[in-house]
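What follows is a short report on a single structure.
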Protein chains: 2
Amino acid sequence: MIKPRSRRGGGRPTIADVARKAGVGAITVSRALRDPERVSEDLRRQIRAAVDELGYVPDPNARALASARAEVFGVLVPSLTNNVFAEVVRGIYDSLSDGPFRVQLGNTHYSGLEEERLLQVFGSQRPAALIVAGIDQTPTARKLLETAGCPVVQVMETGPDPVDMLVGFSHLDGGRTATEHLIEAGYRRIGFIGARMDPRSQRRLAGYRAAMEAAGLFDARLVTTTPVLSSVTLGRELFRDALAKMPALDGVFCNNDDIALGVLFECHRAAIAVPKTIGIVGFNDLDMMQSAFPSITSIRTYRYEIGRRSVAMALAAIAGKRPEQRVVDLGFELIRRESTAR
Amino acid sequence: MIKPRSRRGGGRPTIADVARKAGVGAITVSRALRDPERVSEDLRRQIRAAVDELGYVPDPNARALASARAEVFGVLVPSLTNNVFAEVVRGIYDSLSDGPFRVQLGNTHYSGLEEERLLQVFGSQRPAALIVAGIDQTPTARKLLETAGCPVVQVMETGPDPVDMLVGFSHLDGGRTATEHLIEAGYRRIGFIGARMDPRSQRRLAGYRAAMEAAGLFDARLVTTTPVLSSVTLGRELFRDALAKMPALDGVFCNNDDIALGVLFECHRAAIAVPKTIGIVGFNDLDMMQSAFPSITSIRTYRYEIGRRSVAMALAAIAGKRPEQRVVDLGFELIRRESTAR
DNA sequence: ACGCTGGATGGTAGCGCTACCATGACGGCG
DNA sequence: CGCCGTCATGGTAGCGCTACCATCCAGCGT
């Protein structure tokens, strides 16, 4: 008589089925799958054959329960559609796709409270590692990260006091570099246009301000910001506002490339010459910046690489080889293009 | 003597701890959490107090193991950075964020094999539902979907033979509508420019071809495609290729908005008048289309809504109320703008 | 008064896997 | 030649939760 399958299991083969078919103990199958070195060549072959024949796939839930550790990377980003985070997430997925780890992605919508809630949820799964965007967690969120009992990588920024590990670059320096470039190119009444003023944008603004003050050019009326989510259309609107406030504007540093593109389009529409009358600098250097007409100067950042590196560091920590360099600054690069070539 | 915590558990409170503190059975705690209706008001209050005091969070792995069902939606998309899928994913996340369900996102990189592998991995978790992009699964992948034992929603397209449920629109009709619009606007030598020619782009091309042939305008030299991933820069290059092949081109239907933007920029750079000399139509109607100069005609699609609707249908099926309408066509809309206003 | 029904509650036995420890075989060593 | 470390393998006992069934207690009809 065929062994009746459990009422719940639905008939999928279990490790015990594999063990029976291979004529070994269940624990040996478990070892052969997780740590083949510790099982003799012979048994390994038999077990592999049984696995293939039965189509056995380990149940990650049972595994997580028994080992008190889920093979999951928790990833928290403030936006799913913002290309910048999408690139980081892609880097994370690509780095993890050939290993045992799954990705659990959470969207905080730029909300600290939502971040806390998601950390709570993620923590309940005992993830193998946590990767979170930014360094401005609420005190509660920070405590959750510290007590998560797994490697934590904060990404997108550098900062003095990481929870554990950190991969990013300095938004303040990026903002300063962009602004200094405009100043060097001969622009003087340089505006800052920023949407969705998250902490990173705030630091870009701080960099802009530092450069402007150093050159004796700062004026509060040059700054135009909004908390509204960024978009090309919003860039156009903000630029119109900025011009209305300050008609003599001769340059703009935009907190991201969407805004910069909106500014460019509005210049076309209003027949404002770029770079002659207005210089434009974006941030992140999305592909379209190089193809725009005129092409747009931008600060190139390494989002995909941030994702890759954060995973590499977390994996090293999981393997017990906590990297000696816990803070990695991937830097940025000013890409000079036509939009500031006066 | 304090009960020694298990060697593995790490000291987090369990359902037994809550039960002891509340003075009830563990199973009653379980019920109070999952199905409060079935527990008396009194006990519910006691249990909630114990939960709050201990900071108890259920272990999803144990739950999944015991109930043979994980509270996970498996979501498979071909790209994480393509804005189109990012919008669908955002709709899914937003619809699921206030329930018990987690999202398990997989990136197939437009590969059928990778899709099969991911379905295998996802299936091992016994997900509550699966949402997959497209209707062109390999036979193996389709079998995996059919035997997954959970609701399945295919998204992004309509088609005659869904695995289970379907939410999307007709790419063929979209391509035809876009092309007919160009013809009606008076364009005659209308090119098709397409990158990353996935099945959906193929169908847009088929729609283009149908419209062109119906008007007696089709010519194979009008079609320029590449399997390379889409980008604005690629749009410029393909448009240059198309012009070289067919200098008399007077319109282009692009398989997406990135390509259309690249075409627009190249026109600017080559001083080709839009819409006078060349008409341009994109696909998806990203925000930047309305802000471009000139603004670009496009086929508006409802990606976010596709995500929302797919979740709603899956949730209904999970609740036992399988919707009577298993195929939902969300349609599209031609948005006429300056780029075709001749 | 008695069984009977239905709703609330609890006990028991797993879900599929792995941590921990035991066992047994083997070979090197004094 | 027996002792002991080392290695491969296996048995047992859970991990934290829920399915299933048992129990108990009203409230009801007869």
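Residue names in the structure tokens use chain letters A, B, ... in the order shown, residue numbers from 1 in each chain, and ligand numbers from 1 in the order shown.
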
Task: Interface, chain A side, toward chain B (8 Å; only C-alpha atoms) as a PyMOL selection string - done: chain A and resi 8-9+57-62+64-65+67-68+80-81+83+86-87+89-90+93+102-105+107+121+124-125+231-233+236+262+265-266+268-269+287-288+290-294

Let me see the file: selected residues, N, CA and C atoms, as a short mmCIF file (atom, residue, chain, number, x, y, z; two decimals), in the first residue's frame.
```
data_model
loop_
_atom_site.label_atom_id
_atom_site.label_comp_id
_atom_site.auth_asym_id
_atom_site.auth_seq_id
_atom_site.Cartn_x
_atom_site.Cartn_y
_atom_site.Cartn_z
N ARG A 8 -2.21 17.66 4.75
CA ARG A 8 -1.91 19.05 4.43
C ARG A 8 -0.89 19.21 3.30
N GLY A 9 0.04 18.33 3.29
CA GLY A 9 1.25 18.56 2.48
C GLY A 9 1.01 18.73 0.99
N VAL A 57 12.26 19.89 -4.10
CA VAL A 57 12.72 21.26 -3.84
C VAL A 57 12.54 21.52 -2.36
N PRO A 58 13.59 21.93 -1.66
CA PRO A 58 13.46 22.13 -0.22
C PRO A 58 12.42 23.20 0.11
N ASP A 59 11.76 23.03 1.20
CA ASP A 59 10.77 24.01 1.65
C ASP A 59 11.48 25.09 2.46
N PRO A 60 11.54 26.31 1.93
CA PRO A 60 12.29 27.35 2.63
C PRO A 60 11.68 27.70 3.98
N ASN A 61 10.39 27.49 4.12
CA ASN A 61 9.75 27.83 5.39
C ASN A 61 10.18 26.86 6.48
N ALA A 62 10.19 25.59 6.14
CA ALA A 62 10.63 24.60 7.12
C ALA A 62 12.09 24.83 7.46
N ALA A 64 13.72 27.63 7.34
CA ALA A 64 13.85 28.83 8.16
C ALA A 64 13.44 28.55 9.59
N LEU A 65 12.38 27.77 9.73
CA LEU A 65 11.89 27.48 11.09
C LEU A 65 12.92 26.66 11.85
N SER A 67 16.15 26.31 11.34
CA SER A 67 17.47 26.89 11.55
C SER A 67 17.39 28.28 12.15
N ALA A 68 16.19 28.74 12.42
CA ALA A 68 16.01 30.06 13.02
C ALA A 68 16.68 31.15 12.20
N LEU A 80 9.61 52.70 -5.41
CA LEU A 80 9.82 51.60 -6.34
C LEU A 80 9.99 52.10 -7.77
N THR A 81 9.44 53.27 -8.06
CA THR A 81 9.43 53.74 -9.44
C THR A 81 10.54 54.73 -9.73
N ASN A 83 13.82 55.79 -10.65
CA ASN A 83 14.86 55.05 -11.35
C ASN A 83 16.11 54.84 -10.49
N ALA A 86 15.53 51.98 -8.26
CA ALA A 86 15.34 50.79 -9.09
C ALA A 86 16.69 50.22 -9.51
N GLU A 87 17.64 51.10 -9.79
CA GLU A 87 18.98 50.63 -10.17
C GLU A 87 19.67 49.93 -9.01
N VAL A 89 18.21 48.45 -6.53
CA VAL A 89 17.50 47.19 -6.34
C VAL A 89 17.91 46.17 -7.39
N ARG A 90 18.09 46.63 -8.62
CA ARG A 90 18.52 45.72 -9.67
C ARG A 90 19.91 45.15 -9.35
N TYR A 93 19.38 42.47 -6.73
CA TYR A 93 18.82 41.24 -7.31
C TYR A 93 19.85 40.49 -8.12
N ARG A 102 16.70 34.88 -1.12
CA ARG A 102 15.59 35.60 -1.75
C ARG A 102 15.66 37.07 -1.33
N VAL A 103 14.90 37.90 -2.00
CA VAL A 103 14.85 39.32 -1.66
C VAL A 103 13.45 39.65 -1.17
N GLN A 104 13.40 40.33 -0.06
CA GLN A 104 12.11 40.82 0.42
C GLN A 104 12.17 42.33 0.33
N LEU A 105 11.41 42.89 -0.60
CA LEU A 105 11.51 44.32 -0.90
C LEU A 105 10.39 45.07 -0.20
N ASN A 107 8.64 49.04 0.41
CA ASN A 107 8.55 50.41 -0.09
C ASN A 107 8.12 51.32 1.05
N VAL A 121 8.03 43.99 10.48
CA VAL A 121 7.58 42.84 9.70
C VAL A 121 8.76 42.00 9.23
N SER A 124 10.52 39.91 11.88
CA SER A 124 9.82 38.71 12.31
C SER A 124 10.22 37.50 11.49
N GLN A 125 10.88 37.74 10.37
CA GLN A 125 11.30 36.61 9.53
C GLN A 125 12.73 36.20 9.78
N SER A 231 9.07 64.87 -10.92
CA SER A 231 8.69 64.44 -12.27
C SER A 231 9.18 65.50 -13.26
N VAL A 232 9.21 65.14 -14.51
CA VAL A 232 9.65 66.07 -15.54
C VAL A 232 8.71 67.28 -15.57
N THR A 233 7.42 66.98 -15.50
CA THR A 233 6.44 68.05 -15.53
C THR A 233 6.63 69.00 -14.35
N ARG A 236 9.39 71.47 -14.98
CA ARG A 236 8.97 72.64 -15.77
C ARG A 236 8.29 73.68 -14.88
N GLY A 262 12.94 68.60 -17.26
CA GLY A 262 11.79 69.52 -17.29
C GLY A 262 12.24 70.95 -17.51
N PHE A 265 13.19 71.37 -21.19
CA PHE A 265 12.01 71.47 -22.05
C PHE A 265 11.37 72.84 -21.92
N GLU A 266 11.31 73.34 -20.70
CA GLU A 266 10.70 74.65 -20.51
C GLU A 266 11.54 75.74 -21.19
N HIS A 268 13.29 75.29 -23.91
CA HIS A 268 12.94 75.19 -25.33
C HIS A 268 11.64 75.92 -25.60
N ARG A 269 10.67 75.65 -24.76
CA ARG A 269 9.34 76.19 -24.99
C ARG A 269 9.34 77.71 -24.89
N ASP A 287 20.67 57.85 -18.33
CA ASP A 287 21.04 57.73 -19.74
C ASP A 287 20.58 58.90 -20.59
N MET A 288 19.39 59.38 -20.34
CA MET A 288 18.84 60.38 -21.26
C MET A 288 19.60 61.71 -21.21
N GLN A 290 22.75 62.24 -21.62
CA GLN A 290 23.74 62.32 -22.68
C GLN A 290 23.09 62.51 -24.05
N SER A 291 21.82 62.09 -24.16
CA SER A 291 21.15 62.17 -25.45
C SER A 291 20.29 63.40 -25.62
N ALA A 292 20.04 64.09 -24.54
CA ALA A 292 19.20 65.28 -24.63
C ALA A 292 19.86 66.29 -25.57
N PHE A 293 19.05 67.21 -26.05
CA PHE A 293 19.60 68.27 -26.90
C PHE A 293 19.23 69.62 -26.32
N PRO A 294 20.20 70.40 -25.91
CA PRO A 294 21.60 70.00 -25.75
C PRO A 294 21.77 68.97 -24.64
#
```

TODO: Pull out every residue of chain D sitting within 7 Å of chain A, counting only C-alpha atoms (C1' of nucleotides), and send them as a list in words.
DONE: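 In the required form, that comes to DA8, DT9, DG10 and DC15 of chain D.
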
Go ahead and write the residues just picked, N, CA and C atoms (P, O5', C5', C4', C3', O3' and C1' of nucleotides), as a JSON list (two decimals), in the first residue's frame.
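Once everything was written out, this is out39.json:
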```
[["chain", "number", "residue", "atom", "x", "y", "z"],
["D", 8, "DA", "P", 34.40, 13.24, 6.05],
["D", 8, "DA", "O5'", 33.30, 12.09, 6.19],
["D", 8, "DA", "C5'", 33.56, 10.81, 5.62],
["D", 8, "DA", "C4'", 32.44, 9.88, 6.00],
["D", 8, "DA", "C3'", 31.06, 10.31, 5.51],
["D", 8, "DA", "O3'", 30.41, 9.18, 4.96],
["D", 8, "DA", "C1'", 31.01, 9.97, 7.86],
["D", 9, "DT", "P", 29.02, 9.36, 4.19],
["D", 9, "DT", "O5'", 27.99, 9.13, 5.37],
["D", 9, "DT", "C5'", 27.77, 7.81, 5.86],
["D", 9, "DT", "C4'", 26.92, 7.85, 7.09],
["D", 9, "DT", "C3'", 25.51, 8.37, 6.90],
["D", 9, "DT", "O3'", 24.64, 7.25, 6.77],
["D", 9, "DT", "C1'", 26.47, 8.97, 9.01],
["D", 10, "DG", "P", 23.08, 7.42, 6.57],
["D", 10, "DG", "O5'", 22.57, 7.41, 8.08],
["D", 10, "DG", "C5'", 22.93, 6.34, 8.93],
["D", 10, "DG", "C4'", 22.40, 6.59, 10.32],
["D", 10, "DG", "C3'", 20.92, 7.00, 10.38],
["D", 10, "DG", "O3'", 20.26, 6.14, 11.30],
["D", 10, "DG", "C1'", 22.26, 8.51, 11.64],
["D", 15, "DC", "P", 11.42, 23.95, 20.87],
["D", 15, "DC", "O5'", 11.59, 24.73, 19.50],
["D", 15, "DC", "C5'", 12.83, 25.30, 19.09],
["D", 15, "DC", "C4'", 12.64, 25.89, 17.71],
["D", 15, "DC", "C3'", 11.36, 26.68, 17.54],
["D", 15, "DC", "O3'", 11.66, 28.07, 17.66],
["D", 15, "DC", "C1'", 11.70, 25.12, 15.70]]
```

- [ ] Apply DSSP to the backbone of this structure and, from range 2-203 of chain A, keep only the residues in helix (DSSP H, G or I); write these as a VMD selection string.
- [x] chain A and resid 15 to 22 26 to 34 36 to 38 41 to 54 60 to 67 83 to 96 112 to 123 139 to 146 171 to 184 199 to 203

Provide as a short mmCIF file (atom, residue, chain, number, x, y, z; two decimals) with N, CA, C and O atoms (P, O5', C5', C4', C3', O3' and C1' of nucleotides), in the first residue's frame the residues of chain C at most 9 Å from chain A, counting only C-alpha atoms (C1' of nucleotides).
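Once written, part_25.cif looks like this:
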```cif
data_model
loop_
_atom_site.label_atom_id
_atom_site.label_comp_id
_atom_site.auth_asym_id
_atom_site.auth_seq_id
_atom_site.Cartn_x
_atom_site.Cartn_y
_atom_site.Cartn_z
P DC C 15 3.47 15.33 9.24
"O5'" DC C 15 3.63 16.82 8.73
"C5'" DC C 15 2.58 17.51 8.11
"C4'" DC C 15 3.03 18.92 7.81
"C3'" DC C 15 4.45 19.01 7.25
"O3'" DC C 15 4.34 19.15 5.84
"C1'" DC C 15 4.10 20.59 9.07
P DG C 16 5.07 18.09 4.89
"O5'" DG C 16 6.60 18.56 4.87
"C5'" DG C 16 6.93 19.85 4.39
"C4'" DG C 16 8.30 20.20 4.88
"C3'" DG C 16 9.40 19.19 4.51
"O3'" DG C 16 10.42 19.91 3.83
"C1'" DG C 16 9.49 19.72 6.82
P DC C 17 11.78 19.33 3.40
"O5'" DC C 17 12.73 19.81 4.57
"C5'" DC C 17 13.06 21.20 4.67
"C4'" DC C 17 13.62 21.50 6.03
"C3'" DC C 17 15.00 20.97 6.29
"O3'" DC C 17 15.94 21.99 6.00
"C1'" DC C 17 13.55 20.71 8.20
P DT C 18 17.48 21.67 6.02
"O5'" DT C 18 17.85 21.85 7.56
"C5'" DT C 18 17.66 23.12 8.17
"C4'" DT C 18 18.00 23.04 9.64
"C3'" DT C 18 19.43 22.66 9.95
"O3'" DT C 18 19.81 23.40 11.11
"C1'" DT C 18 18.01 21.13 10.99
P DA C 19 21.34 23.69 11.40
"O5'" DA C 19 21.42 23.47 12.99
"C5'" DA C 19 20.65 24.29 13.84
"C4'" DA C 19 20.67 23.74 15.26
"C3'" DA C 19 22.07 23.43 15.80
"O3'" DA C 19 22.10 23.77 17.18
"C1'" DA C 19 20.80 21.43 15.71
#
```

TODO: Any chance you could list, as a PyMOL selection string, the residues in range 28-121 of chain B that come up strand (DSSP E or B) when DSSP is run on the backbone?
DONE: chain B and resi 72-77+102-107

Keeping only N, CA and C atoms, write the selected residues as an mmCIF file, in the first residue's frame.
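In the end it all went to out-v1.cif:
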```
data_model
loop_
_atom_site.group_PDB
_atom_site.id
_atom_site.type_symbol
_atom_site.label_atom_id
_atom_site.label_comp_id
_atom_site.auth_asym_id
_atom_site.auth_seq_id
_atom_site.Cartn_x
_atom_site.Cartn_y
_atom_site.Cartn_z
ATOM 1 N N VAL B 72 2.359 34.964 0.860
ATOM 2 C CA VAL B 72 3.278 35.586 -0.076
ATOM 3 C C VAL B 72 2.647 35.652 -1.471
ATOM 4 N N PHE B 73 2.754 36.818 -2.095
ATOM 5 C CA PHE B 73 2.416 36.943 -3.501
ATOM 6 C C PHE B 73 3.712 36.857 -4.300
ATOM 7 N N GLY B 74 3.815 35.881 -5.160
ATOM 8 C CA GLY B 74 4.961 35.821 -6.058
ATOM 9 C C GLY B 74 4.693 36.696 -7.272
ATOM 10 N N VAL B 75 5.632 37.578 -7.582
ATOM 11 C CA VAL B 75 5.460 38.489 -8.719
ATOM 12 C C VAL B 75 6.661 38.363 -9.649
ATOM 13 N N LEU B 76 6.400 38.080 -10.897
ATOM 14 C CA LEU B 76 7.480 37.892 -11.868
ATOM 15 C C LEU B 76 7.383 38.947 -12.955
ATOM 16 N N VAL B 77 8.439 39.759 -13.077
ATOM 17 C CA VAL B 77 8.476 40.763 -14.136
ATOM 18 C C VAL B 77 9.786 40.626 -14.901
ATOM 19 N N ARG B 102 3.001 39.382 1.978
ATOM 20 C CA ARG B 102 4.277 39.920 1.532
ATOM 21 C C ARG B 102 4.377 39.743 0.019
ATOM 22 N N VAL B 103 5.330 40.436 -0.577
ATOM 23 C CA VAL B 103 5.564 40.304 -2.013
ATOM 24 C C VAL B 103 6.924 39.657 -2.228
ATOM 25 N N GLN B 104 6.945 38.678 -3.084
ATOM 26 C CA GLN B 104 8.213 38.074 -3.480
ATOM 27 C C GLN B 104 8.409 38.408 -4.944
ATOM 28 N N LEU B 105 9.361 39.282 -5.200
ATOM 29 C CA LEU B 105 9.524 39.800 -6.555
ATOM 30 C C LEU B 105 10.646 39.060 -7.267
ATOM 31 N N GLY B 106 10.397 38.674 -8.503
ATOM 32 C CA GLY B 106 11.439 38.015 -9.292
ATOM 33 C C GLY B 106 11.661 38.745 -10.597
ATOM 34 N N ASN B 107 12.903 38.808 -11.029
ATOM 35 C CA ASN B 107 13.279 39.497 -12.263
ATOM 36 C C ASN B 107 13.704 38.446 -13.291
#
```

TODO: With a distance cut-off of 12 Å and only C-alpha atoms (C1' of nucleotides), select the neighbouring residues of DG30 in chain C, excluding the residue or stretch itself and same-chain residues fewer than 5 positions from it, and output the selection as a PyMOL selection string.
DONE: chain D and resi 1-4

Output N, CA, C and O atoms (P, O5', C5', C4', C3', O3' and C1' of nucleotides) for every residue in that selection, as an mmCIF file, in the first residue's frame.
```cif
data_model
loop_
_atom_site.group_PDB
_atom_site.id
_atom_site.type_symbol
_atom_site.label_atom_id
_atom_site.label_comp_id
_atom_site.auth_asym_id
_atom_site.auth_seq_id
_atom_site.Cartn_x
_atom_site.Cartn_y
_atom_site.Cartn_z
ATOM 1 P P DC D 1 48.075 -9.233 18.257
ATOM 2 O "O5'" DC D 1 47.724 -7.995 19.169
ATOM 3 C "C5'" DC D 1 48.025 -8.002 20.541
ATOM 4 C "C4'" DC D 1 47.446 -6.759 21.152
ATOM 5 C "C3'" DC D 1 45.980 -6.491 20.762
ATOM 6 O "O3'" DC D 1 45.309 -5.987 21.907
ATOM 7 C "C1'" DC D 1 47.291 -4.641 20.182
ATOM 8 P P DG D 2 43.804 -6.369 22.145
ATOM 9 O "O5'" DG D 2 43.275 -5.110 22.973
ATOM 10 C "C5'" DG D 2 43.941 -4.719 24.155
ATOM 11 C "C4'" DG D 2 44.162 -3.226 24.159
ATOM 12 C "C3'" DG D 2 42.855 -2.408 24.150
ATOM 13 O "O3'" DG D 2 43.010 -1.329 25.053
ATOM 14 C "C1'" DG D 2 44.239 -1.714 22.393
ATOM 15 P P DC D 3 41.746 -0.648 25.698
ATOM 16 O "O5'" DC D 3 42.072 0.907 25.561
ATOM 17 C "C5'" DC D 3 43.413 1.356 25.768
ATOM 18 C "C4'" DC D 3 43.603 2.668 25.035
ATOM 19 C "C3'" DC D 3 42.350 3.553 25.004
ATOM 20 O "O3'" DC D 3 42.687 4.844 25.492
ATOM 21 C "C1'" DC D 3 43.241 3.295 22.823
ATOM 22 P P DC D 4 41.549 5.930 25.805
ATOM 23 O "O5'" DC D 4 41.719 6.994 24.645
ATOM 24 C "C5'" DC D 4 43.033 7.338 24.190
ATOM 25 C "C4'" DC D 4 42.909 8.053 22.855
ATOM 26 C "C3'" DC D 4 41.665 8.950 22.758
ATOM 27 O "O3'" DC D 4 42.031 10.178 22.162
ATOM 28 C "C1'" DC D 4 41.711 7.453 20.939
#
```

TODO: Write out as a list in words the residues lying within 9 Å of Leu315 in chain B, counting only C-alpha atoms (C1' of nucleotides) and excluding same-chain residues fewer than 4 positions away.
DONE: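 Near Leu315 in chain B, the qualifying residues are Ala128, Ala129, Pro151, Ser310, Val311, Ala319, Gly320, Lys321 and Arg322 of chain B.
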
TODO: Could you check which of B:Ile92, B:Ile272, B:Ala206, B:Ile131 is closest to Gly174 in chain B, using only C-alpha atoms?
DONE: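 Counting only C-alpha atoms, the residue closest to Gly174 in chain B is B:Ala206.
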
- [ ] In Å, rounded to a single decimal, give me how far CA of Glu305 in chain B is from CA of Ile135 in chain B.
- [x] 18.2 Å

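Here CA of Phe192 in chain B is placed at a distance of 12.7 Å from CA of Ile278 in chain B.
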
Open item on the list: What's around DC25 in chain D at 12 Å? Count only C-alpha atoms (C1' of nucleotides), leave out sequence neighbours fewer than 6 positions away in its own chain, and write the answer as a ChimeraX atom specification.
Closed with: /C:5-9

Residues just named, written with N, CA and C atoms (P, O5', C5', C4', C3', O3' and C1' of nucleotides) as a PDB file, in the first residue's frame:
```pdb
ATOM      1  P    DT C   5     -28.674  16.868  17.375  1.00  0.00           P
ATOM      2  O5'  DT C   5     -28.304  18.395  17.119  1.00  0.00           O
ATOM      3  C5'  DT C   5     -29.360  19.386  17.119  1.00  0.00           C
ATOM      4  C4'  DT C   5     -28.761  20.716  17.509  1.00  0.00           C
ATOM      5  C3'  DT C   5     -27.493  21.095  16.729  1.00  0.00           C
ATOM      6  O3'  DT C   5     -27.727  22.293  16.017  1.00  0.00           O
ATOM      7  C1'  DT C   5     -27.203  21.472  19.060  1.00  0.00           C
ATOM      8  P    DG C   6     -26.694  22.732  14.826  1.00  0.00           P
ATOM      9  O5'  DG C   6     -25.968  23.992  15.444  1.00  0.00           O
ATOM     10  C5'  DG C   6     -26.713  24.932  16.227  1.00  0.00           C
ATOM     11  C4'  DG C   6     -25.735  25.725  17.064  1.00  0.00           C
ATOM     12  C3'  DG C   6     -24.418  26.050  16.336  1.00  0.00           C
ATOM     13  O3'  DG C   6     -24.041  27.378  16.651  1.00  0.00           O
ATOM     14  C1'  DG C   6     -23.950  24.971  18.353  1.00  0.00           C
ATOM     15  P    DG C   7     -23.078  28.185  15.659  1.00  0.00           P
ATOM     16  O5'  DG C   7     -22.249  29.074  16.678  1.00  0.00           O
ATOM     17  C5'  DG C   7     -22.898  29.656  17.818  1.00  0.00           C
ATOM     18  C4'  DG C   7     -21.923  29.655  18.967  1.00  0.00           C
ATOM     19  C3'  DG C   7     -20.502  30.066  18.573  1.00  0.00           C
ATOM     20  O3'  DG C   7     -20.035  31.066  19.461  1.00  0.00           O
ATOM     21  C1'  DG C   7     -20.457  28.025  19.748  1.00  0.00           C
ATOM     22  P    DA C   8     -18.662  31.814  19.154  1.00  0.00           P
ATOM     23  O5'  DA C   8     -17.766  31.322  20.378  1.00  0.00           O
ATOM     24  C5'  DA C   8     -18.206  31.602  21.700  1.00  0.00           C
ATOM     25  C4'  DA C   8     -17.345  30.818  22.675  1.00  0.00           C
ATOM     26  C3'  DA C   8     -15.843  31.107  22.567  1.00  0.00           C
ATOM     27  O3'  DA C   8     -15.347  31.368  23.871  1.00  0.00           O
ATOM     28  C1'  DA C   8     -16.237  28.777  22.422  1.00  0.00           C
ATOM     29  P    DT C   9     -13.865  31.909  24.064  1.00  0.00           P
ATOM     30  O5'  DT C   9     -13.047  30.576  24.225  1.00  0.00           O
ATOM     31  C5'  DT C   9     -13.121  29.869  25.461  1.00  0.00           C
ATOM     32  C4'  DT C   9     -12.453  28.523  25.351  1.00  0.00           C
ATOM     33  C3'  DT C   9     -10.950  28.552  25.110  1.00  0.00           C
ATOM     34  O3'  DT C   9     -10.298  28.342  26.352  1.00  0.00           O
ATOM     35  C1'  DT C   9     -12.064  26.772  23.967  1.00  0.00           C
TER      36       DT C   9
END
```

- [ ] Can you work out the spacing between CA of His171 in chain B and CA of Ala273 in chain B in Å, to one decimal?
- [x]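 For CA of His171 in chain B relative to CA of Ala273 in chain B, the distance reads 28.7 Å.
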
TODO: Could you give me, as number ranges by chain, the residues within 10 Å of Ala312 in chain A, counting only C-alpha atoms (C1' of nucleotides) and dropping anything in the same chain fewer than 6 positions from it?
DONE: A: 92, 95-96, 306, 318, 323
